[in-house]
file target-v9.cif (mmCIF, C-alpha atoms)
data_input
#
loop_
_atom_site.label_atom_id
_atom_site.label_comp_id
_atom_site.auth_asym_id
_atom_site.auth_seq_id
_atom_site.Cartn_x
_atom_site.Cartn_y
_atom_site.Cartn_z
CA MET S 1 167.43 103.23 169.24
CA ASN S 2 164.94 105.53 167.54
CA GLU S 3 163.65 104.51 164.10
CA ASN S 4 161.08 107.31 163.78
CA LEU S 5 163.13 108.95 161.05
CA ILE S 6 161.82 106.35 158.58
CA LYS S 7 158.22 106.36 159.78
CA GLY S 8 155.63 108.58 161.42
CA SER S 9 155.17 112.34 161.04
CA VAL S 10 157.97 113.82 158.95
CA THR S 11 158.08 117.26 160.59
CA LYS S 12 157.65 115.93 164.13
CA SER S 13 160.35 113.28 163.77
CA LEU S 14 162.76 115.83 162.26
CA LEU S 15 162.20 118.35 165.05
CA LEU S 16 162.39 115.78 167.86
CA PHE S 17 165.63 114.40 166.45
CA ALA S 18 167.12 117.84 165.74
CA LEU S 19 166.35 119.45 169.12
CA PRO S 20 168.91 117.50 171.20
CA MET S 21 171.51 118.12 168.47
CA ILE S 22 170.80 121.85 168.59
CA LEU S 23 171.02 121.94 172.39
CA GLY S 24 174.15 119.80 172.28
CA ASN S 25 175.96 122.07 169.86
CA MET S 26 174.98 125.10 171.92
CA LEU S 27 176.56 123.45 174.93
CA GLN S 28 179.65 122.60 172.90
CA GLN S 29 179.98 126.23 171.85
CA LEU S 30 179.85 127.19 175.52
CA TYR S 31 183.41 125.87 175.84
CA ASN S 32 184.85 128.80 173.92
CA VAL S 33 182.12 131.29 174.78
CA ALA S 34 182.76 130.75 178.49
CA ASP S 35 186.46 131.31 177.85
CA THR S 36 185.67 134.47 175.87
CA PHE S 37 183.31 135.90 178.47
CA ILE S 38 185.48 135.18 181.52
CA VAL S 39 188.72 136.18 179.76
CA GLY S 40 187.16 139.41 178.45
CA GLN S 41 185.73 140.36 181.84
CA PHE S 42 188.58 139.29 184.14
CA ILE S 43 191.81 139.56 182.10
CA GLY S 44 191.36 142.19 179.37
CA SER S 45 190.95 142.96 175.67
CA ASN S 46 194.39 141.62 174.63
CA ALA S 47 193.61 138.26 176.19
CA LEU S 48 190.19 138.37 174.53
CA ALA S 49 191.86 138.91 171.14
CA ALA S 50 194.19 135.94 171.81
CA VAL S 51 191.31 133.60 172.65
CA GLY S 52 189.17 134.97 169.81
CA SER S 53 191.82 134.48 167.14
CA SER S 54 192.40 130.95 168.45
CA PHE S 55 188.69 130.17 168.12
CA THR S 56 188.82 130.24 164.31
CA LEU S 57 191.79 127.85 164.25
CA MET S 58 190.12 125.55 166.78
CA THR S 59 186.99 125.50 164.65
CA PHE S 60 189.04 124.61 161.57
CA LEU S 61 190.83 121.73 163.31
CA ASN S 62 187.61 120.46 164.87
CA SER S 63 185.95 120.59 161.46
CA ILE S 64 188.50 118.13 160.07
CA ILE S 65 187.67 115.57 162.74
CA LEU S 66 183.96 116.38 162.74
CA GLY S 67 183.80 116.01 158.95
CA LEU S 68 185.43 112.58 159.08
CA CYS S 69 183.05 111.44 161.83
CA MET S 70 179.97 112.92 160.14
CA GLY S 71 180.86 111.20 156.86
CA SER S 72 181.07 107.84 158.59
CA GLY S 73 177.81 108.67 160.36
CA VAL S 74 176.03 109.09 157.00
CA LEU S 75 177.18 105.62 155.97
CA PHE S 76 176.07 104.21 159.34
CA SER S 77 172.62 105.79 158.81
CA MET S 78 172.24 104.26 155.36
CA LEU S 79 173.31 100.79 156.53
CA TYR S 80 171.06 101.06 159.58
CA GLY S 81 168.09 102.11 157.44
CA ALA S 82 168.79 99.13 155.13
CA LYS S 83 169.10 96.77 158.18
CA LYS S 84 172.66 95.77 157.22
CA MET S 85 174.06 95.60 160.76
CA ASP S 86 177.01 93.31 159.93
CA LYS S 87 178.32 95.74 157.34
CA MET S 88 177.73 98.64 159.73
CA LYS S 89 179.87 97.04 162.44
CA ASN S 90 182.69 96.37 160.00
CA ALA S 91 182.41 99.98 158.82
CA PHE S 92 182.63 101.06 162.47
CA PHE S 93 185.90 99.16 162.95
CA ILE S 94 187.52 100.47 159.77
CA SER S 95 186.50 104.10 160.29
CA PHE S 96 187.35 104.14 164.01
CA VAL S 97 190.90 102.93 163.40
CA GLY S 98 191.42 105.20 160.41
CA ILE S 99 190.03 108.41 161.90
CA GLY S 100 191.70 107.69 165.25
CA LEU S 101 195.14 107.44 163.62
CA LEU S 102 194.55 110.61 161.62
CA SER S 103 193.52 112.45 164.81
CA ILE S 104 196.71 111.39 166.60
CA ALA S 105 198.77 112.57 163.62
CA LEU S 106 196.92 115.89 163.54
CA GLU S 107 197.59 116.48 167.23
CA ALA S 108 201.31 115.76 166.82
CA VAL S 109 201.64 118.09 163.80
CA CYS S 110 199.81 120.94 165.56
CA LEU S 111 201.97 120.69 168.67
CA LEU S 112 205.15 120.72 166.56
CA LEU S 113 204.09 123.66 164.38
CA ILE S 114 202.57 126.13 166.85
CA ASP S 115 204.94 128.99 165.97
CA PRO S 116 204.55 128.69 162.17
CA ILE S 117 200.77 128.56 162.69
CA LEU S 118 200.87 131.79 164.70
CA SER S 119 202.93 133.44 161.97
CA PHE S 120 200.44 132.30 159.31
CA LEU S 121 197.60 133.84 161.32
CA GLN S 122 199.52 137.15 161.60
CA ILE S 123 199.20 137.17 165.39
CA PRO S 124 200.44 140.54 166.74
CA LEU S 125 203.45 140.48 169.08
CA GLU S 126 201.35 141.93 171.91
CA ILE S 127 199.31 138.73 172.17
CA TRP S 128 201.79 136.17 170.75
CA SER S 129 202.65 134.63 174.11
CA ASP S 130 199.04 134.36 175.29
CA THR S 131 197.91 132.81 172.01
CA HIS S 132 200.82 130.32 172.08
CA ASP S 133 199.96 129.19 175.61
CA TYR S 134 196.25 128.91 174.83
CA LEU S 135 196.75 126.84 171.68
CA PHE S 136 199.29 124.49 173.28
CA TYR S 137 196.77 123.20 175.80
CA ILE S 138 193.92 123.22 173.27
CA PHE S 139 195.97 121.04 170.90
CA LEU S 140 196.43 118.49 173.70
CA GLY S 141 192.69 117.90 173.57
CA ILE S 142 192.41 116.95 169.87
CA LEU S 143 192.22 113.24 170.64
CA PHE S 144 189.33 113.86 173.04
CA THR S 145 187.58 115.83 170.29
CA PHE S 146 187.82 112.75 168.08
CA LEU S 147 186.48 110.35 170.73
CA TYR S 148 183.45 112.48 171.55
CA ASN S 149 182.51 113.32 167.96
CA TYR S 150 182.97 109.75 166.76
CA PHE S 151 180.68 108.15 169.32
CA ALA S 152 178.22 111.06 169.11
CA SER S 153 178.05 110.59 165.32
CA LEU S 154 177.49 106.85 165.78
CA LEU S 155 174.59 107.32 168.19
CA ARG S 156 173.01 110.12 166.15
CA ALA S 157 173.31 108.09 162.94
CA LEU S 158 171.17 105.40 164.56
CA GLY S 159 168.58 107.86 165.87
CA ASP S 160 169.85 108.66 169.39
CA SER S 161 170.56 112.38 169.62
CA ARG S 162 169.78 112.66 173.34
CA THR S 163 172.67 110.75 174.94
CA PRO S 164 175.44 112.95 173.43
CA LEU S 165 173.51 115.96 174.74
CA LEU S 166 173.57 114.67 178.31
CA PHE S 167 177.33 114.22 178.34
CA LEU S 168 177.88 117.63 176.76
CA GLY S 169 175.71 119.21 179.42
CA VAL S 170 177.85 117.84 182.24
CA SER S 171 180.99 118.82 180.36
CA ALA S 172 179.85 122.39 179.65
CA ILE S 173 178.98 123.00 183.29
CA GLY S 174 182.34 121.55 184.29
CA ASN S 175 184.09 123.88 181.85
CA ILE S 176 182.48 126.98 183.33
CA ILE S 177 183.36 125.93 186.87
CA LEU S 178 186.97 125.18 185.89
CA ASP S 179 187.23 128.47 183.96
CA ILE S 180 186.23 130.43 187.04
CA TYR S 181 188.57 128.41 189.26
CA PHE S 182 191.66 128.61 187.02
CA ILE S 183 191.21 132.21 185.84
CA VAL S 184 189.53 134.01 188.73
CA SER S 185 190.83 132.04 191.72
CA LEU S 186 194.26 130.82 190.54
CA HIS S 187 194.98 133.71 188.13
CA MET S 188 196.33 131.35 185.47
CA GLY S 189 195.37 133.64 182.57
CA VAL S 190 194.50 132.32 179.12
CA ALA S 191 196.40 129.10 179.80
CA GLY S 192 193.89 128.36 182.56
CA ALA S 193 191.02 128.86 180.12
CA ALA S 194 192.58 126.38 177.69
CA ILE S 195 193.27 123.80 180.39
CA ALA S 196 189.65 124.07 181.56
CA THR S 197 188.41 123.51 178.01
CA THR S 198 190.63 120.47 177.43
CA MET S 199 189.72 118.88 180.75
CA SER S 200 186.02 119.36 180.02
CA GLN S 201 186.38 117.85 176.55
CA ALA S 202 188.10 114.86 178.11
CA LEU S 203 185.18 114.46 180.52
CA SER S 204 182.57 114.33 177.74
CA ALA S 205 184.69 112.09 175.47
CA ILE S 206 185.57 109.49 178.09
CA GLY S 207 182.07 109.57 179.55
CA LEU S 208 180.41 108.92 176.18
CA PHE S 209 182.87 106.12 175.36
CA VAL S 210 182.18 104.43 178.70
CA TYR S 211 178.42 104.77 178.12
CA VAL S 212 178.61 103.07 174.71
CA PHE S 213 180.95 100.38 176.03
CA PHE S 214 178.65 99.38 178.90
CA GLN S 215 175.15 100.40 177.78
CA GLN S 216 175.26 99.97 173.98
CA ARG S 217 177.72 97.09 173.76
CA ASP S 218 175.81 95.53 170.86
CA LEU S 219 176.85 98.47 168.65
CA LEU S 220 180.55 97.73 169.11
CA PRO S 221 182.08 95.30 166.59
CA LYS S 222 183.32 91.98 167.98
CA LYS S 223 186.57 90.47 166.71
CA GLU S 224 184.80 88.77 163.81
CA TYR S 225 184.21 92.25 162.34
CA TRP S 226 187.85 93.31 162.74
CA TYR S 227 188.92 92.94 159.14
CA PHE S 228 189.60 95.14 156.16
CA ASP S 229 186.87 95.16 153.53
CA LYS S 230 187.95 97.10 150.47
CA SER S 231 184.41 97.96 149.34
CA VAL S 232 183.44 99.22 152.82
CA PHE S 233 186.69 101.18 153.08
CA GLN S 234 185.97 102.80 149.71
CA LYS S 235 182.54 103.90 150.93
CA ILE S 236 184.01 105.30 154.15
CA LYS S 237 186.68 107.11 152.17
CA ASP S 238 184.12 108.60 149.81
CA TYR S 239 181.79 109.82 152.55
CA SER S 240 184.29 110.73 155.29
CA LEU S 241 186.99 112.38 153.21
CA LEU S 242 184.59 114.43 151.10
CA THR S 243 182.60 115.52 154.15
CA CYS S 244 185.90 116.35 155.86
CA VAL S 245 186.99 118.38 152.85
CA GLN S 246 183.67 120.21 152.83
CA GLN S 247 183.86 121.02 156.56
CA SER S 248 187.56 121.91 156.56
CA VAL S 249 187.45 123.99 153.36
CA MET S 250 184.60 125.95 154.90
CA ASN S 251 186.57 126.64 158.05
CA PHE S 252 189.90 127.12 156.27
CA GLY S 253 188.27 129.95 154.37
CA ILE S 254 187.20 131.43 157.70
CA LEU S 255 190.79 130.97 158.93
CA LEU S 256 192.04 133.01 155.95
CA ILE S 257 189.48 135.67 156.83
CA GLN S 258 190.80 135.67 160.41
CA GLY S 259 194.28 136.43 159.10
CA LEU S 260 192.90 139.41 157.14
CA VAL S 261 190.93 140.61 160.17
CA ASN S 262 194.09 140.44 162.28
CA SER S 263 195.83 142.81 159.87
CA PHE S 264 193.36 145.58 160.88
CA GLY S 265 194.60 145.62 164.49
CA LEU S 266 193.48 144.67 167.98
CA VAL S 267 190.21 146.65 168.01
CA THR S 268 188.92 144.89 164.90
CA MET S 269 190.22 141.55 166.20
CA SER S 270 188.35 141.97 169.49
CA ALA S 271 185.15 143.08 167.71
CA PHE S 272 185.33 140.14 165.32
CA ALA S 273 186.10 137.70 168.15
CA ALA S 274 182.98 138.72 170.09
CA ALA S 275 180.68 139.13 167.07
CA VAL S 276 181.59 135.73 165.61
CA LYS S 277 180.59 134.03 168.87
CA ILE S 278 177.17 135.70 168.71
CA ASP S 279 176.88 134.97 165.00
CA SER S 280 177.74 131.29 165.53
CA PHE S 281 175.16 130.95 168.27
CA ALA S 282 172.54 132.70 166.14
CA TYR S 283 172.65 130.35 163.16
CA MET S 284 173.81 127.26 165.05
CA PRO S 285 170.28 125.80 165.44
CA VAL S 286 169.68 125.82 161.69
CA GLN S 287 173.13 124.30 161.15
CA ASP S 288 172.28 121.41 163.45
CA PHE S 289 168.85 121.14 161.89
CA GLY S 290 170.66 120.67 158.57
CA ASN S 291 172.75 117.87 160.11
CA ALA S 292 169.61 116.22 161.51
CA TYR S 293 167.98 116.54 158.09
CA SER S 294 171.03 114.83 156.57
CA THR S 295 170.57 111.83 158.88
CA PHE S 296 166.86 111.79 158.00
CA VAL S 297 167.68 111.73 154.28
CA ALA S 298 170.37 109.04 154.69
CA GLN S 299 168.16 106.67 156.72
CA ASN S 300 165.25 107.06 154.32
CA LYS S 301 167.50 106.63 151.31
CA GLY S 302 168.83 103.40 152.84
CA ALA S 303 165.22 102.27 153.34
CA GLY S 304 164.29 103.25 149.77
CA LEU S 305 161.73 105.89 150.81
CA GLU S 306 162.26 108.57 148.14
CA GLU S 307 158.81 110.17 148.56
CA ARG S 308 159.36 110.58 152.30
CA ILE S 309 162.61 112.41 151.53
CA ARG S 310 160.69 114.86 149.34
CA LYS S 311 158.15 115.52 152.10
CA GLY S 312 160.97 115.96 154.60
CA THR S 313 162.69 118.45 152.31
CA LYS S 314 159.58 120.65 152.08
CA SER S 315 159.14 120.58 155.87
CA ALA S 316 162.83 121.30 156.47
CA VAL S 317 162.81 124.36 154.20
CA ILE S 318 159.74 125.82 155.91
CA VAL S 319 161.13 125.25 159.43
CA ALA S 320 164.56 126.67 158.54
CA ALA S 321 163.06 129.75 156.85
CA LEU S 322 160.85 130.56 159.84
CA PHE S 323 163.74 130.21 162.25
CA CYS S 324 166.07 132.36 160.12
CA PHE S 325 163.47 135.13 159.90
CA LEU S 326 163.02 135.13 163.69
CA ILE S 327 166.71 135.11 164.55
CA SER S 328 167.53 137.73 161.88
CA THR S 329 165.01 140.08 163.47
CA ILE S 330 166.53 139.62 166.93
CA VAL S 331 170.19 139.95 165.92
CA PHE S 332 169.64 142.93 163.61
CA ASN S 333 167.67 144.92 166.19
CA PHE S 334 169.75 144.08 169.27
CA ALA S 335 173.28 143.94 167.83
CA ASP S 336 174.73 146.56 170.23
CA THR S 337 173.13 144.93 173.26
CA LEU S 338 174.41 141.50 172.24
CA MET S 339 177.97 142.82 171.98
CA LEU S 340 177.79 143.82 175.66
CA ILE S 341 177.75 140.13 176.57
CA PHE S 342 181.49 140.06 175.85
CA ILE S 343 182.59 143.68 175.69
CA LYS S 344 182.59 146.26 178.46
CA PRO S 345 180.30 149.29 177.82
CA GLU S 346 183.20 151.77 177.77
CA GLN S 347 184.86 149.95 174.83
CA THR S 348 182.60 151.78 172.37
CA GLU S 349 184.76 151.39 169.24
CA ILE S 350 184.83 147.60 169.60
CA ILE S 351 181.06 147.52 170.18
CA LEU S 352 180.37 149.65 167.07
CA LYS S 353 182.54 147.48 164.81
CA GLY S 354 181.05 144.26 166.16
CA ALA S 355 177.48 145.56 165.85
CA GLU S 356 178.11 146.51 162.21
CA TYR S 357 179.21 142.93 161.52
CA LEU S 358 176.15 141.50 163.27
CA ARG S 359 173.65 143.69 161.41
CA ILE S 360 175.07 142.74 158.02
CA GLU S 361 175.16 139.03 158.81
CA GLY S 362 171.91 139.09 160.76
CA ALA S 363 169.93 140.45 157.82
CA CYS S 364 171.01 137.48 155.67
CA TYR S 365 170.62 134.35 157.82
CA LEU S 366 168.19 132.85 155.33
CA GLY S 367 171.18 132.39 153.02
CA ILE S 368 173.18 130.31 155.50
CA GLY S 369 170.06 128.42 156.60
CA LEU S 370 169.31 127.21 153.09
CA LEU S 371 172.98 126.40 152.54
CA PHE S 372 173.09 124.12 155.59
CA LEU S 373 170.04 122.25 154.27
CA LEU S 374 171.74 121.83 150.89
CA TYR S 375 174.86 120.48 152.59
CA GLY S 376 172.72 118.02 154.55
CA TYR S 377 170.72 116.92 151.53
CA TYR S 378 173.69 116.14 149.31
CA ARG S 379 175.51 114.30 152.11
CA GLY S 380 172.37 112.29 152.85
CA VAL S 381 171.78 111.17 149.25
CA GLY S 382 175.40 110.08 148.88
CA LYS S 383 176.66 113.11 146.92
CA PRO S 384 179.08 114.76 149.38
CA GLY S 385 181.15 116.02 146.46
CA ILE S 386 178.42 118.54 145.63
CA SER S 387 178.60 119.84 149.21
CA VAL S 388 182.32 120.43 148.62
CA VAL S 389 181.51 122.40 145.45
CA LEU S 390 178.97 124.56 147.31
CA THR S 391 181.50 125.22 150.07
CA ILE S 392 184.15 126.25 147.56
CA VAL S 393 181.67 128.64 145.89
CA SER S 394 180.66 130.15 149.24
CA LEU S 395 184.11 130.43 150.78
CA GLY S 396 185.89 131.22 147.56
CA THR S 397 183.60 134.20 147.02
CA ARG S 398 184.09 135.31 150.61
CA VAL S 399 187.88 135.12 150.53
CA LEU S 400 188.31 136.67 147.08
CA LEU S 401 186.00 139.61 147.77
CA SER S 402 187.49 140.21 151.23
CA TYR S 403 191.11 140.28 150.08
CA ALA S 404 190.26 142.27 146.96
CA LEU S 405 188.15 144.98 148.59
CA ALA S 406 188.87 145.20 152.34
CA PRO S 407 192.46 146.57 152.13
CA THR S 408 191.20 149.68 150.28
CA LEU S 409 187.54 150.00 151.35
CA GLY S 410 187.77 148.84 154.97
CA GLU S 411 186.93 145.82 157.10
CA HIS S 412 183.18 146.16 156.50
CA MET S 413 183.80 144.64 153.06
CA ILE S 414 184.80 141.43 154.87
CA TRP S 415 181.41 141.43 156.55
CA TRP S 416 179.54 141.97 153.23
CA SER S 417 181.46 139.24 151.40
CA ILE S 418 180.08 136.55 153.71
CA PRO S 419 176.34 136.70 152.80
CA ILE S 420 177.21 137.23 149.12
CA GLY S 421 179.03 133.88 149.23
CA TRP S 422 176.06 132.22 150.97
CA PHE S 423 173.53 133.25 148.34
CA LEU S 424 175.75 132.36 145.38
CA ALA S 425 176.26 128.86 146.80
CA ASP S 426 172.50 128.56 147.42
CA ALA S 427 171.82 129.32 143.77
CA VAL S 428 174.26 126.64 142.61
CA GLY S 429 172.83 124.07 145.03
CA VAL S 430 169.20 124.71 144.12
CA VAL S 431 169.93 124.50 140.38
CA GLN S 432 171.74 121.20 140.92
CA GLY S 433 168.79 119.88 142.97
CA ILE S 434 166.28 120.86 140.28
CA ARG S 435 168.36 119.00 137.70
CA LYS S 436 168.46 115.91 139.94
CA GLU S 437 164.68 116.02 140.49
CA LYS S 438 164.06 116.32 136.74
CA TRP S 439 166.27 113.26 136.19
CA PHE S 440 164.27 111.26 138.74
CA SER S 441 160.95 112.36 137.20
CA ARG S 442 162.13 111.38 133.72
CA LYS S 443 163.38 108.01 134.98
CA ARG S 444 160.05 107.30 136.75
CA ALA S 445 158.15 108.15 133.56
CA GLU S 446 160.37 105.81 131.55
CA ASP S 447 159.91 103.02 134.11
CA GLU S 448 156.12 103.46 134.07
CA LYS S 449 156.08 103.40 130.26
CA VAL S 450 158.04 100.12 130.21
CA PHE S 451 155.66 98.66 132.82
CA ASN S 452 152.52 99.73 130.92
CA ASP S 453 153.88 98.46 127.60
#
call {"tool": "encode", "arguments": {"input": "target-v9.cif", "output": "structure tokens"}}
result
Amino acid sequence: MNENLIKGSVTKSLLLFALPMILGNMLQQLYNVADTFIVGQFIGSNALAAVGSSFTLMTFLNSIILGLCMGSGVLFSMLYGAKKMDKMKNAFFISFVGIGLLSIALEAVCLLLIDPILSFLQIPLEIWSDTHDYLFYIFLGILFTFLYNYFASLLRALGDSRTPLLFLGVSAIGNIILDIYFIVSLHMGVAGAAIATTMSQALSAIGLFVYVFFQQRDLLPKKEYWYFDKSVFQKIKDYSLLTCVQQSVMNFGILLIQGLVNSFGLVTMSAFAAAVKIDSFAYMPVQDFGNAYSTFVAQNKGAGLEERIRKGTKSAVIVAALFCFLISTIVFNFADTLMLIFIKPEQTEIILKGAEYLRIEGACYLGIGLLFLLYGYYRGVGKPGISVVLTIVSLGTRVLLSYALAPTLGEHMIWWSIPIGWFLADAVGVVQGIRKEKWFSRKRAEDEKVFND
């Protein structure tokens, strides 16, 4: 276990903890990116549109499970920072059973409702069959998504961000190998891509569970911790459900955007599918840095180190701003070249539409970078409800502007609505943080006055 989040250099401990999380999420994204690349190069643009439109739905479903696990992870961090290991093990038992049952229910519902889901997403008839096949096998892997994210959140909450990375690395390599085998060698089409993804997810999930069971057995609750504690359950509910709402609302808004994108036809769908992959990779490091910052805040809050949180916040803002400036420069200037990763050079219309999206988003990554830090901060201090509010502001703006303007002015209005939503949410979050800081300053002054009197 690594306790450096509550001692030592603030910036160094944040970066060392965040780096494996960043690399791990990049590897996790390789699941779908590998599918997109191999499908686009070896099957065709229709298959690419099927996989791309599925990506948004997959992200939404994963966000539900990830949000529940991340919320529990915040509570684990606080209890670990406060050295309350008995309560942490009881919280582990309650959250594992609860989130596990919800994951099983989610998998069953998705498998039963594939066709209504495709209708909701406005999937064109030309790619209906491919999308159906792809999603069927992806849905079979929801339980594995839960297992991996739960144990990864547990280890990260206690300061170990390296072990989840190792298992993801093996899994990502396995996914690429299986993709090539099923698609190129066996000609199984998009179904082969989905099967490869699910098998790889199973590998990382089962591997991480076995590692914790044999190598970190002391983290697992013994039977004496297998009981229902109402106060602990309430805490888990507050953190997990609100974090889940924040994550799922964010991705549900993106899902609504996907439906609007689909209404513009296969060219726009293919451009969006490829550009979103690049976009996600571009700002992914600052997203994971925000999650690492959240764990930092939670552990230090549990240990009562308010001043260290303030120092960490200043460092986090500087690091995130520098990264966003660098990545914005790269994406804006090389948008066309980046599109060629997924799109063949002769498909010029798709490349032009995707590059337009990337230049608009790429110029504004500072907005999403600050927003991820605000999400992390409010989760870490035990105010996940504010993260939900910021998500609603960001996504609500995006959806309302897109549906109001895109049908008459064109799909580029969808692209512009995204950064507008980011910056509006940033403004709300910063104002709320200033108010909170003023409250703390006033309370400290009152406490000092009482002490001096």
call {"tool": "residues_around", "arguments": {"input": "target-v9.cif", "residues": "Ser161 of chain S", "least_positions_apart": "6", "cutoff": "8 Å", "atoms": "only C-alpha atoms", "output": "compact mmCIF listing (two decimals) with C-alpha atoms, keeping the file's coordinate frame"}}
result
# COMPACT_ATOMS: atom_id res chain seq x y z
CA PHE S 17 165.63 114.40 166.45
CA ALA S 18 167.12 117.84 165.74
CA PRO S 20 168.91 117.50 171.20
CA MET S 21 171.51 118.12 168.47
CA ALA S 152 178.22 111.06 169.11
CA LEU S 155 174.59 107.32 168.19
call {"tool": "residues_around", "arguments": {"input": "target-v9.cif", "residues": "segment 276-279 of chain S", "least_positions_apart": "4", "cutoff": "8 Å", "atoms": "only C-alpha atoms", "output": "PDB file with C-alpha atoms, in the coordinates of the input"}}
result
ATOM      1  CA  VAL S  33     182.120 131.290 174.780  1.00  0.00           C
ATOM      2  CA  PHE S 272     185.330 140.140 165.320  1.00  0.00           C
ATOM      3  CA  TYR S 283     172.650 130.350 163.160  1.00  0.00           C
ATOM      4  CA  LEU S 338     174.410 141.500 172.240  1.00  0.00           C
ATOM      5  CA  MET S 339     177.970 142.820 171.980  1.00  0.00           C
ATOM      6  CA  LEU S 358     176.150 141.500 163.270  1.00  0.00           C
ATOM      7  CA  GLU S 361     175.160 139.030 158.810  1.00  0.00           C
ATOM      8  CA  GLY S 362     171.910 139.090 160.760  1.00  0.00           C
TER       9      GLY S 362
END
call {"tool": "residues_near_point", "arguments": {"input": "target-v9.cif", "point": "(186.2, 144.7, 150.8)", "cutoff": "12 Å", "atoms": "only C-alpha atoms", "output": "list of chain:residue names"}}
result
S:Ile257, S:Leu260, S:Val261, S:Thr397, S:Arg398, S:Val399, S:Leu400, S:Leu401, S:Ser402, S:Tyr403, S:Ala404, S:Leu405, S:Ala406, S:Pro407, S:Thr408, S:Leu409, S:Gly410, S:Glu411, S:His412, S:Met413, S:Ile414, S:Trp415, S:Trp416, S:Ser417, S:Ile418, S:Ile420
call {"tool": "residues_around", "arguments": {"input": "target-v9.cif", "residues": "Gln201 of chain S", "least_positions_apart": "3", "cutoff": "8 Å", "atoms": "all atoms listed in the file", "output": "list in words"}}
result
Gly141, Phe144, Thr145, Tyr148, Ser171, Thr197, Thr198, Ser204 and Ala205 of chain S
call {"tool": "atom_distance", "arguments": {"input": "target-v9.cif", "atom1": "atom CA of Phe92 of chain S", "atom2": "atom CA of Met284 of chain S"}}
result
27.8 Å
call {"tool": "resolve_selection", "arguments": {"input": "target-v9.cif", "expression": "the PyMOL selection byres ((chain S and resi 75-77) around 10)", "output": "number ranges by chain"}}
result
S: 70-74, 78-85, 87-89, 91-92, 153-159, 232, 235-236, 238-240, 294-303, 379-380, 382
